[in-house]
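Printed here is data_26.pdb (PDB, C-alpha atoms):
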ATOM      1  CA  MET B   1      12.979 -16.749 -16.661  1.00  0.00           C
ATOM      2  CA  LEU B   2      11.051 -15.125 -19.515  1.00  0.00           C
ATOM      3  CA  PHE B   3       7.869 -15.234 -17.465  1.00  0.00           C
ATOM      4  CA  HIS B   4       9.638 -13.531 -14.566  1.00  0.00           C
ATOM      5  CA  THR B   5      10.941 -10.844 -16.933  1.00  0.00           C
ATOM      6  CA  LEU B   6       7.455 -10.163 -18.254  1.00  0.00           C
ATOM      7  CA  MET B   7       6.099 -10.051 -14.717  1.00  0.00           C
ATOM      8  CA  LEU B   8       8.755  -7.600 -13.556  1.00  0.00           C
ATOM      9  CA  THR B   9       8.128  -5.422 -16.616  1.00  0.00           C
ATOM     10  CA  LEU B  10       4.458  -5.229 -15.695  1.00  0.00           C
ATOM     11  CA  VAL B  11       5.098  -4.572 -12.017  1.00  0.00           C
ATOM     12  CA  LEU B  12       7.990  -2.119 -12.372  1.00  0.00           C
ATOM     13  CA  ILE B  13       7.124  -0.209 -15.542  1.00  0.00           C
ATOM     14  CA  LEU B  14       3.719  -0.658 -17.140  1.00  0.00           C
ATOM     15  CA  ILE B  15       1.496  -0.616 -14.047  1.00  0.00           C
ATOM     16  CA  PRO B  16       3.226   2.346 -12.294  1.00  0.00           C
ATOM     17  CA  LEU B  17       3.150   4.407 -15.510  1.00  0.00           C
ATOM     18  CA  THR B  18      -0.490   3.550 -16.159  1.00  0.00           C
ATOM     19  CA  SER B  19      -1.383   4.451 -12.580  1.00  0.00           C
ATOM     20  CA  HIS B  20       0.562   7.722 -12.871  1.00  0.00           C
ATOM     21  CA  VAL B  21      -1.237   8.743 -16.067  1.00  0.00           C
ATOM     22  CA  GLN B  22      -4.679   7.871 -14.699  1.00  0.00           C
ATOM     23  CA  LEU B  23      -3.960   9.583 -11.380  1.00  0.00           C
ATOM     24  CA  GLY B  24      -2.922  12.726 -13.266  1.00  0.00           C
ATOM     25  CA  LYS B  25      -6.229  12.709 -15.126  1.00  0.00           C
ATOM     26  CA  LEU B  26      -8.046  12.229 -11.838  1.00  0.00           C
ATOM     27  CA  LYS B  27      -6.261  15.188 -10.227  1.00  0.00           C
ATOM     28  CA  ARG B  28      -7.167  17.436 -13.170  1.00  0.00           C
ATOM     29  CA  ASN B  29     -10.755  16.246 -13.318  1.00  0.00           C
ATOM     30  CA  PRO B  30     -11.987  14.279 -10.268  1.00  0.00           C
ATOM     31  CA  SER B  31     -15.246  13.323 -11.926  1.00  0.00           C
ATOM     32  CA  THR B  32     -17.191  10.217 -11.020  1.00  0.00           C
ATOM     33  CA  LEU B  33     -16.324   8.653 -14.384  1.00  0.00           C
ATOM     34  CA  ASN B  34     -12.570   9.241 -13.936  1.00  0.00           C
ATOM     35  CA  LYS B  35     -12.655   7.890 -10.389  1.00  0.00           C
ATOM     36  CA  GLN B  36     -14.501   4.763 -11.426  1.00  0.00           C
ATOM     37  CA  ARG B  37     -12.092   4.259 -14.344  1.00  0.00           C
ATOM     38  CA  TYR B  38      -9.076   4.667 -12.053  1.00  0.00           C
ATOM     39  CA  TYR B  39     -10.487   2.289  -9.436  1.00  0.00           C
ATOM     40  CA  PHE B  40     -11.348  -0.304 -12.080  1.00  0.00           C
ATOM     41  CA  ILE B  41      -7.886  -0.190 -13.699  1.00  0.00           C
ATOM     42  CA  ILE B  42      -6.084  -0.568 -10.372  1.00  0.00           C
ATOM     43  CA  LEU B  43      -8.370  -3.394  -9.251  1.00  0.00           C
ATOM     44  CA  THR B  44      -7.986  -5.284 -12.534  1.00  0.00           C
ATOM     45  CA  CYS B  45      -4.185  -4.947 -12.557  1.00  0.00           C
ATOM     46  CA  ASN B  46      -3.910  -6.122  -8.947  1.00  0.00           C
ATOM     47  CA  LEU B  47      -6.118  -9.162  -9.514  1.00  0.00           C
ATOM     48  CA  LEU B  48      -4.266 -10.206 -12.677  1.00  0.00           C
ATOM     49  CA  ILE B  49      -0.780  -9.775 -11.242  1.00  0.00           C
ATOM     50  CA  THR B  50      -1.642 -11.527  -7.971  1.00  0.00           C
ATOM     51  CA  THR B  51      -3.196 -14.432  -9.869  1.00  0.00           C
ATOM     52  CA  PHE B  52      -0.081 -14.861 -12.026  1.00  0.00           C
ATOM     53  CA  ILE B  53       2.179 -14.734  -8.992  1.00  0.00           C
ATOM     54  CA  PHE B  54       0.111 -17.388  -7.253  1.00  0.00           C
ATOM     55  CA  LEU B  55       0.616 -19.533 -10.332  1.00  0.00           C
ATOM     56  CA  LEU B  56       4.344 -19.067  -9.797  1.00  0.00           C
ATOM     57  CA  GLN B  57       3.806 -20.336  -6.240  1.00  0.00           C
ATOM     58  CA  ALA B  58       5.310 -17.292  -4.560  1.00  0.00           C
ATOM     59  CA  PRO B  59       5.880 -18.146  -0.895  1.00  0.00           C
ATOM     60  CA  PHE B  60       3.456 -16.813   1.691  1.00  0.00           C
ATOM     61  CA  THR B  61       5.737 -17.779   4.564  1.00  0.00           C
ATOM     62  CA  VAL B  62       9.317 -16.643   5.124  1.00  0.00           C
ATOM     63  CA  LYS B  63      11.928 -18.772   3.314  1.00  0.00           C
ATOM     64  CA  HIS B  64      14.961 -16.493   3.661  1.00  0.00           C
ATOM     65  CA  SER B  65      14.821 -14.722   7.000  1.00  0.00           C
ATOM     66  CA  ILE B  66      16.915 -11.885   8.389  1.00  0.00           C
ATOM     67  CA  SER B  67      17.731 -11.415  12.061  1.00  0.00           C
ATOM     68  CA  PHE B  68      17.624  -7.741  12.993  1.00  0.00           C
ATOM     69  CA  ASN B  69      19.723  -6.513  15.872  1.00  0.00           C
ATOM     70  CA  LEU B  70      18.046  -4.897  18.859  1.00  0.00           C
ATOM     71  CA  LEU B  71      18.570  -1.354  17.568  1.00  0.00           C
ATOM     72  CA  PHE B  72      16.820  -2.070  14.264  1.00  0.00           C
ATOM     73  CA  ASP B  73      14.025  -3.928  16.056  1.00  0.00           C
ATOM     74  CA  ILE B  74      13.422  -0.908  18.267  1.00  0.00           C
ATOM     75  CA  LEU B  75      13.639   1.541  15.352  1.00  0.00           C
ATOM     76  CA  LEU B  76      11.242  -0.418  13.146  1.00  0.00           C
ATOM     77  CA  GLY B  77       8.938  -1.123  16.087  1.00  0.00           C
ATOM     78  CA  VAL B  78       8.728   2.602  16.855  1.00  0.00           C
ATOM     79  CA  THR B  79       8.074   3.331  13.164  1.00  0.00           C
ATOM     80  CA  PHE B  80       5.281   0.743  13.176  1.00  0.00           C
ATOM     81  CA  LEU B  81       3.713   2.419  16.211  1.00  0.00           C
ATOM     82  CA  TYR B  82       4.060   5.789  14.481  1.00  0.00           C
ATOM     83  CA  TYR B  83       2.062   4.577  11.460  1.00  0.00           C
ATOM     84  CA  LEU B  84      -0.472   2.947  13.752  1.00  0.00           C
ATOM     85  CA  ILE B  85      -0.956   6.039  15.915  1.00  0.00           C
ATOM     86  CA  THR B  86      -0.896   8.667  13.166  1.00  0.00           C
ATOM     87  CA  SER B  87      -2.551   6.856  10.269  1.00  0.00           C
ATOM     88  CA  ILE B  88      -5.033   4.309  11.593  1.00  0.00           C
ATOM     89  CA  ILE B  89      -6.106   4.958  15.185  1.00  0.00           C
ATOM     90  CA  PRO B  90      -7.239   8.579  14.550  1.00  0.00           C
ATOM     91  CA  PHE B  91      -9.864   7.408  12.091  1.00  0.00           C
ATOM     92  CA  PHE B  92     -11.534   5.279  14.740  1.00  0.00           C
ATOM     93  CA  LEU B  93     -11.562   8.166  17.210  1.00  0.00           C
ATOM     94  CA  ILE B  94     -12.686  11.092  15.087  1.00  0.00           C
ATOM     95  CA  LYS B  95     -16.077  11.286  16.763  1.00  0.00           C
ATOM     96  CA  TYR B  96     -14.597  11.603  20.225  1.00  0.00           C
ATOM     97  CA  ASN B  97     -11.660  14.014  19.947  1.00  0.00           C
ATOM     98  CA  ALA B  98     -11.331  17.416  18.244  1.00  0.00           C
ATOM     99  CA  LYS B  99      -7.585  16.958  17.640  1.00  0.00           C
ATOM    100  CA  PHE B 100      -8.217  13.783  15.705  1.00  0.00           C
ATOM    101  CA  ARG B 101     -10.920  15.568  13.693  1.00  0.00           C
ATOM    102  CA  ASN B 102      -8.438  18.303  12.776  1.00  0.00           C
ATOM    103  CA  LEU B 103      -5.823  15.710  11.793  1.00  0.00           C
ATOM    104  CA  VAL B 104      -8.362  13.927   9.601  1.00  0.00           C
ATOM    105  CA  SER B 105      -9.492  17.252   8.132  1.00  0.00           C
ATOM    106  CA  ASP B 106      -5.962  17.904   6.831  1.00  0.00           C
ATOM    107  CA  GLN B 107      -5.856  14.498   5.173  1.00  0.00           C
ATOM    108  CA  VAL B 108      -9.294  15.086   3.637  1.00  0.00           C
ATOM    109  CA  ASN B 109      -7.978  18.202   1.908  1.00  0.00           C
ATOM    110  CA  GLU B 110      -4.837  16.431   0.661  1.00  0.00           C
ATOM    111  CA  LYS B 111      -6.671  13.435  -0.830  1.00  0.00           C
ATOM    112  CA  ASN B 112      -9.973  15.029  -1.799  1.00  0.00           C
ATOM    113  CA  TYR B 113      -9.556  14.218  -5.509  1.00  0.00           C
ATOM    114  CA  LEU B 114      -9.213  10.509  -4.680  1.00  0.00           C
ATOM    115  CA  LEU B 115     -12.019  10.176  -2.152  1.00  0.00           C
ATOM    116  CA  PRO B 116     -15.034   8.081  -3.116  1.00  0.00           C
ATOM    117  CA  ILE B 117     -18.144  10.226  -2.916  1.00  0.00           C
ATOM    118  CA  THR B 118     -21.011   8.324  -4.492  1.00  0.00           C
ATOM    119  CA  PRO B 119     -22.178   4.878  -3.293  1.00  0.00           C
ATOM    120  CA  THR B 120     -20.903   3.391  -6.560  1.00  0.00           C
ATOM    121  CA  GLU B 121     -17.453   4.891  -6.037  1.00  0.00           C
ATOM    122  CA  LEU B 122     -17.412   3.588  -2.479  1.00  0.00           C
ATOM    123  CA  LYS B 123     -18.326   0.079  -3.597  1.00  0.00           C
ATOM    124  CA  LEU B 124     -15.481   0.150  -6.101  1.00  0.00           C
ATOM    125  CA  TYR B 125     -12.902   1.685  -3.788  1.00  0.00           C
ATOM    126  CA  ILE B 126     -13.224  -0.851  -0.957  1.00  0.00           C
ATOM    127  CA  PRO B 127     -12.167  -3.878  -3.068  1.00  0.00           C
ATOM    128  CA  VAL B 128      -9.440  -1.690  -4.626  1.00  0.00           C
ATOM    129  CA  ALA B 129      -7.967  -0.912  -1.191  1.00  0.00           C
ATOM    130  CA  VAL B 130      -8.168  -4.570  -0.168  1.00  0.00           C
ATOM    131  CA  SER B 131      -6.568  -5.709  -3.437  1.00  0.00           C
ATOM    132  CA  ILE B 132      -3.702  -3.214  -3.048  1.00  0.00           C
ATOM    133  CA  GLY B 133      -2.912  -4.481   0.448  1.00  0.00           C
ATOM    134  CA  ILE B 134      -2.909  -8.089  -0.702  1.00  0.00           C
ATOM    135  CA  SER B 135      -1.165  -7.679  -4.049  1.00  0.00           C
ATOM    136  CA  GLU B 136       1.630  -5.324  -2.968  1.00  0.00           C
ATOM    137  CA  GLU B 137       2.624  -7.556  -0.060  1.00  0.00           C
ATOM    138  CA  ILE B 138       2.577 -10.678  -2.226  1.00  0.00           C
ATOM    139  CA  ILE B 139       4.411  -8.943  -5.089  1.00  0.00           C
ATOM    140  CA  PHE B 140       7.152  -7.194  -3.131  1.00  0.00           C
ATOM    141  CA  ARG B 141       7.596  -9.094   0.121  1.00  0.00           C
ATOM    142  CA  GLY B 142       6.627 -12.535  -1.203  1.00  0.00           C
ATOM    143  CA  TYR B 143       7.593 -12.654  -4.878  1.00  0.00           C
ATOM    144  CA  MET B 144      10.295 -10.083  -5.654  1.00  0.00           C
ATOM    145  CA  TYR B 145      12.240 -10.567  -2.415  1.00  0.00           C
ATOM    146  CA  ASN B 146      12.567 -14.311  -2.955  1.00  0.00           C
ATOM    147  CA  LEU B 147      13.184 -13.871  -6.680  1.00  0.00           C
ATOM    148  CA  ALA B 148      16.121 -11.547  -5.942  1.00  0.00           C
ATOM    149  CA  ILE B 149      17.667 -14.171  -3.666  1.00  0.00           C
ATOM    150  CA  GLU B 150      16.944 -17.339  -5.637  1.00  0.00           C
ATOM    151  CA  LYS B 151      17.343 -16.098  -9.230  1.00  0.00           C
ATOM    152  CA  LEU B 152      19.784 -13.194  -8.838  1.00  0.00           C
ATOM    153  CA  SER B 153      21.799 -14.753  -5.988  1.00  0.00           C
ATOM    154  CA  LEU B 154      21.557 -11.635  -3.824  1.00  0.00           C
ATOM    155  CA  SER B 155      21.974 -11.818  -0.079  1.00  0.00           C
ATOM    156  CA  PRO B 156      18.767 -11.419   1.956  1.00  0.00           C
ATOM    157  CA  ILE B 157      19.770  -7.989   3.301  1.00  0.00           C
ATOM    158  CA  ILE B 158      20.655  -6.641  -0.180  1.00  0.00           C
ATOM    159  CA  ALA B 159      17.418  -8.104  -1.551  1.00  0.00           C
ATOM    160  CA  VAL B 160      15.425  -6.355   1.181  1.00  0.00           C
ATOM    161  CA  ILE B 161      17.094  -3.008   0.503  1.00  0.00           C
ATOM    162  CA  ILE B 162      16.587  -3.210  -3.265  1.00  0.00           C
ATOM    163  CA  VAL B 163      13.004  -4.458  -3.163  1.00  0.00           C
ATOM    164  CA  THR B 164      11.954  -1.939  -0.491  1.00  0.00           C
ATOM    165  CA  THR B 165      13.528   0.868  -2.529  1.00  0.00           C
ATOM    166  CA  ILE B 166      11.689  -0.301  -5.651  1.00  0.00           C
ATOM    167  CA  PHE B 167       8.462  -0.424  -3.643  1.00  0.00           C
ATOM    168  CA  ALA B 168       8.992   3.181  -2.545  1.00  0.00           C
ATOM    169  CA  LEU B 169       9.915   4.431  -6.028  1.00  0.00           C
ATOM    170  CA  GLY B 170       6.755   2.820  -7.375  1.00  0.00           C
ATOM    171  CA  HIS B 171       4.835   5.511  -5.477  1.00  0.00           C
ATOM    172  CA  PHE B 172       6.557   8.340  -7.382  1.00  0.00           C
ATOM    173  CA  SER B 173       3.192   9.711  -8.508  1.00  0.00           C
ATOM    174  CA  GLN B 174       2.617  10.765  -4.879  1.00  0.00           C
ATOM    175  CA  GLY B 175       5.667  13.034  -4.954  1.00  0.00           C
ATOM    176  CA  LEU B 176       8.843  12.959  -2.880  1.00  0.00           C
ATOM    177  CA  SER B 177       6.946  12.799   0.408  1.00  0.00           C
ATOM    178  CA  GLY B 178       5.026   9.774  -0.876  1.00  0.00           C
ATOM    179  CA  VAL B 179       8.253   7.996  -1.861  1.00  0.00           C
ATOM    180  CA  VAL B 180       9.880   8.686   1.521  1.00  0.00           C
ATOM    181  CA  SER B 181       6.748   7.614   3.390  1.00  0.00           C
ATOM    182  CA  SER B 182       6.508   4.436   1.292  1.00  0.00           C
ATOM    183  CA  LEU B 183      10.149   3.657   2.019  1.00  0.00           C
ATOM    184  CA  GLY B 184       9.467   3.698   5.758  1.00  0.00           C
ATOM    185  CA  PHE B 185       6.202   1.833   5.324  1.00  0.00           C
ATOM    186  CA  GLY B 186       7.876  -0.847   3.192  1.00  0.00           C
ATOM    187  CA  ALA B 187      10.618  -1.327   5.800  1.00  0.00           C
ATOM    188  CA  VAL B 188       8.000  -1.823   8.499  1.00  0.00           C
ATOM    189  CA  MET B 189       6.113  -4.358   6.355  1.00  0.00           C
ATOM    190  CA  VAL B 190       9.374  -6.301   5.859  1.00  0.00           C
ATOM    191  CA  TRP B 191       9.946  -6.262   9.618  1.00  0.00           C
ATOM    192  CA  LEU B 192       6.422  -7.572  10.277  1.00  0.00           C
ATOM    193  CA  TYR B 193       6.965 -10.236   7.618  1.00  0.00           C
ATOM    194  CA  PHE B 194      10.111 -11.524   9.307  1.00  0.00           C
ATOM    195  CA  ILE B 195       8.994 -11.345  12.945  1.00  0.00           C
ATOM    196  CA  THR B 196       5.666 -13.101  12.245  1.00  0.00           C
ATOM    197  CA  GLY B 197       7.014 -15.583   9.692  1.00  0.00           C
ATOM    198  CA  ASN B 198       4.368 -14.936   7.032  1.00  0.00           C
ATOM    199  CA  LEU B 199       2.533 -12.228   5.079  1.00  0.00           C
ATOM    200  CA  MET B 200      -0.722 -12.302   7.047  1.00  0.00           C
ATOM    201  CA  LEU B 201      -0.069  -9.398   9.438  1.00  0.00           C
ATOM    202  CA  PRO B 202       1.594  -7.196   6.774  1.00  0.00           C
ATOM    203  CA  ILE B 203      -1.419  -7.757   4.503  1.00  0.00           C
ATOM    204  CA  ILE B 204      -3.924  -6.935   7.256  1.00  0.00           C
ATOM    205  CA  PHE B 205      -2.042  -3.791   8.316  1.00  0.00           C
ATOM    206  CA  HIS B 206      -1.587  -2.702   4.695  1.00  0.00           C
ATOM    207  CA  ILE B 207      -5.314  -3.120   4.004  1.00  0.00           C
ATOM    208  CA  LEU B 208      -6.234  -1.075   7.084  1.00  0.00           C
ATOM    209  CA  TYR B 209      -3.731   1.596   6.063  1.00  0.00           C
ATOM    210  CA  ASP B 210      -5.273   1.872   2.590  1.00  0.00           C
ATOM    211  CA  LEU B 211      -8.848   1.688   3.885  1.00  0.00           C
ATOM    212  CA  LYS B 212      -8.225   4.728   6.065  1.00  0.00           C
ATOM    213  CA  ILE B 213      -9.465   6.867   3.206  1.00  0.00           C
ATOM    214  CA  ILE B 214     -12.914   5.399   3.856  1.00  0.00           C
ATOM    215  CA  PHE B 215     -12.720   6.739   7.399  1.00  0.00           C
ATOM    216  CA  VAL B 216     -11.571  10.053   5.928  1.00  0.00           C
ATOM    217  CA  LYS B 217     -14.757  10.105   3.878  1.00  0.00           C
ATOM    218  CA  MET B 218     -16.791   9.364   6.989  1.00  0.00           C
ATOM    219  CA  ALA B 219     -14.859  12.019   8.855  1.00  0.00           C
ATOM    220  CA  SER B 220     -15.567  14.703   6.300  1.00  0.00           C
ATOM    221  CA  SER B 221     -19.260  14.632   7.164  1.00  0.00           C
ATOM    222  CA  THR B 222     -18.386  14.595  10.862  1.00  0.00           C
ATOM    223  CA  ILE B 223     -16.153  17.631  10.408  1.00  0.00           C
ATOM    224  CA  THR B 224     -18.865  19.461   8.534  1.00  0.00           C
ATOM    225  CA  LYS B 225     -21.367  18.808  11.287  1.00  0.00           C
ATOM    226  CA  CYS B 226     -18.906  19.893  13.978  1.00  0.00           C
ATOM    227  CA  SER B 227     -17.834  23.126  12.268  1.00  0.00           C
TER
END

Please render this file's structure as structure tokens.
Amino acid sequence: MLFHTLMLTLVLILIPLTSHVQLGKLKRNPSTLNKQRYYFIILTCNLLITTFIFLLQAPFTVKHSISFNLLFDILLGVTFLYYLITSIIPFFLIKYNAKFRNLVSDQVNEKNYLLPITPTELKLYIPVAVSIGISEEIIFRGYMYNLAIEKLSLSPIIAVIIVTTIFALGHFSQGLSGVVSSLGFGAVMVWLYFITGNLMLPIIFHILYDLKIIFVKMASSTITKCS
């Protein structure tokens, strides 16, 4: 249990605080050095935590499933489509539709401090985005959910609510809107986890969601050319 305590301390306290501090520095001074430092710290933390969790043999497939009623299935399905339509599809269509270019332009302005600009930054950011998608799904949906049930004797539904809330609060550095958005996103990832029976689809969708910033970077040049 000591190992689990240390792991939870890292996941719930040390890593979020470290990320918050580094992100604050990046917002104040989005230099190449600060970006590379931030990317490197996030990548290293994700690789270490994921490796440790694999050593704990965290399940990749569903062990404690929940059956959603039709209303929740529809609600979460619609939310999934919302994220797909508003956050992923536009970045594949920016060259063909002015509305999508405008939508991407807004997101460029909001995340400009985080965008990779140089080739070196881009090379670092891609594995960071991939590692976030893999590690967060394994940590929250695979490890913490099952830990809450098997070690804390919580019911599956209570475990889902608590873990999804923790997942959302871990994005506090993005402000209230980031926490609320993460809460919805986490609920959708749980739904995908249960309906597919494993973490594969949640991981793939999460990676695409985080890689969208690469398409934002590509879009910024498109927007400049079109303006």

Hey, what comes out of the PyMOL selection byres ((chain B and resi 6-10) around 12) on this file? Could you write it as a compact mmCIF listing (two decimals) with C-alpha atoms, keeping the file's coordinate frame?
# COMPACT_ATOMS: atom_id res chain seq x y z
CA MET B 1 12.98 -16.75 -16.66
CA LEU B 2 11.05 -15.12 -19.52
CA PHE B 3 7.87 -15.23 -17.46
CA HIS B 4 9.64 -13.53 -14.57
CA THR B 5 10.94 -10.84 -16.93
CA VAL B 11 5.10 -4.57 -12.02
CA LEU B 12 7.99 -2.12 -12.37
CA ILE B 13 7.12 -0.21 -15.54
CA LEU B 14 3.72 -0.66 -17.14
CA ILE B 15 1.50 -0.62 -14.05
CA PRO B 16 3.23 2.35 -12.29
CA LEU B 17 3.15 4.41 -15.51
CA THR B 18 -0.49 3.55 -16.16
CA SER B 19 -1.38 4.45 -12.58
CA CYS B 45 -4.18 -4.95 -12.56
CA ASN B 46 -3.91 -6.12 -8.95
CA LEU B 48 -4.27 -10.21 -12.68
CA ILE B 49 -0.78 -9.78 -11.24
CA THR B 50 -1.64 -11.53 -7.97
CA THR B 51 -3.20 -14.43 -9.87
CA PHE B 52 -0.08 -14.86 -12.03
CA ILE B 53 2.18 -14.73 -8.99
CA LEU B 55 0.62 -19.53 -10.33
CA LEU B 56 4.34 -19.07 -9.80
CA ILE B 139 4.41 -8.94 -5.09
CA PHE B 140 7.15 -7.19 -3.13
CA TYR B 143 7.59 -12.65 -4.88
CA MET B 144 10.30 -10.08 -5.65
CA LEU B 147 13.18 -13.87 -6.68
CA ALA B 148 16.12 -11.55 -5.94
CA VAL B 163 13.00 -4.46 -3.16
CA ILE B 166 11.69 -0.30 -5.65
CA GLY B 170 6.76 2.82 -7.38

Draw an axis-aligned box over all listed atoms of range 178-183 of chain B, pad each side with 5 Å, and write its centre and edge lengths in Å, one decimal, as lines of an AutoDock Vina configuration file.
center_x = 7.6
center_y = 6.7
center_z = 0.8
size_x = 15.1
size_y = 16.1
size_z = 15.3

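Going from CA of Pro127 in chain B to CA of Ile204 in chain B covers 13.6 Å.
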
Review point. In Å, with one decimal, what is the gap from CA of Leu154 in chain B to CA of Val78 in chain B?
Key: 28.2 Å

Study note, to complete from the structure: note - CA of Thr118 in chain B and CA of Asn34 in chain B are separated by 12.7 Å

Given the PyMOL selection byres ((chain B and resi 192-203) around 6) and the file above, list the residues it selects as a PDB file with C-alpha atoms, keeping the file's coordinate frame.
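result.pdb written:
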ATOM      1  CA  PHE B  60       3.456 -16.813   1.691  1.00  0.00           C
ATOM      2  CA  THR B  61       5.737 -17.779   4.564  1.00  0.00           C
ATOM      3  CA  VAL B  62       9.317 -16.643   5.124  1.00  0.00           C
ATOM      4  CA  GLY B 133      -2.912  -4.481   0.448  1.00  0.00           C
ATOM      5  CA  ILE B 134      -2.909  -8.089  -0.702  1.00  0.00           C
ATOM      6  CA  MET B 189       6.113  -4.358   6.355  1.00  0.00           C
ATOM      7  CA  VAL B 190       9.374  -6.301   5.859  1.00  0.00           C
ATOM      8  CA  TRP B 191       9.946  -6.262   9.618  1.00  0.00           C
ATOM      9  CA  ILE B 204      -3.924  -6.935   7.256  1.00  0.00           C
ATOM     10  CA  PHE B 205      -2.042  -3.791   8.316  1.00  0.00           C
ATOM     11  CA  HIS B 206      -1.587  -2.702   4.695  1.00  0.00           C
TER      12      HIS B 206
END

Practice item. For the structure provided, state which residues fall under the PyMOL selection byres ((chain B and resi 160) around 9), and present them as a list in words. Key: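 That selection, the PyMOL selection byres ((chain B and resi 160) around 9), comes back as Arg141, Tyr145, Ala148, Ser155, Pro156, Ile157, Ile158, Ala159, Ile161, Ile162, Val163, Thr164, Thr165, Ala187 and Val190 of chain B.
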
Review point. Taking into account all atoms listed in the file, which residue in the set B:Leu208, B:Gly142, B:Leu152, B:Val188 is nearest to Leu75 in chain B?
Key: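 Closest candidate: B:Val188.
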
Exercise for review: Find the residue from B:Asn29, B:Ser131, B:Ser67, B:Ser181 that sits nearest to Ile41 in chain B; use all atoms listed in the file when measuring.
Suggested key: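 Checking each of B:Asn29, B:Ser131, B:Ser67, B:Ser181 against Ile41 in chain B, counting all atoms listed in the file, the winner is B:Ser131.
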
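With all atoms listed in the file as the atoms that count, the residue of B:Val179, B:Val130, B:Ile89, B:Leu169 with the shortest distance to Leu47 in chain B is B:Val130.
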
Check your understanding: Using all atoms listed in the file, which of the listed residues (B:Ile126, B:Leu183, B:Ile66, B:Leu33) sits closest to Lys212 in chain B?
Key ->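 With all atoms listed in the file as the atom set, the closest residue is B:Ile126.
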
**Study point:** Among the residues B:Leu211, B:Tyr39, B:Ser153, B:Pro119, the one that comes closest to His64 in chain B [using all atoms listed in the file]
**Key:**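 Between B:Leu211, B:Tyr39, B:Ser153, B:Pro119, the residue approaching His64 in chain B most closely is B:Ser153.
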
Exercise for review: Rank B:Phe185, B:Tyr113, B:Phe167, B:Phe172 by their smallest atom-to-atom distance to Arg28 in chain B, using only C-alpha atoms, and report the top residue only.
Suggested key: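 Answer, going by the shortest atom-to-atom distance: B:Tyr113.
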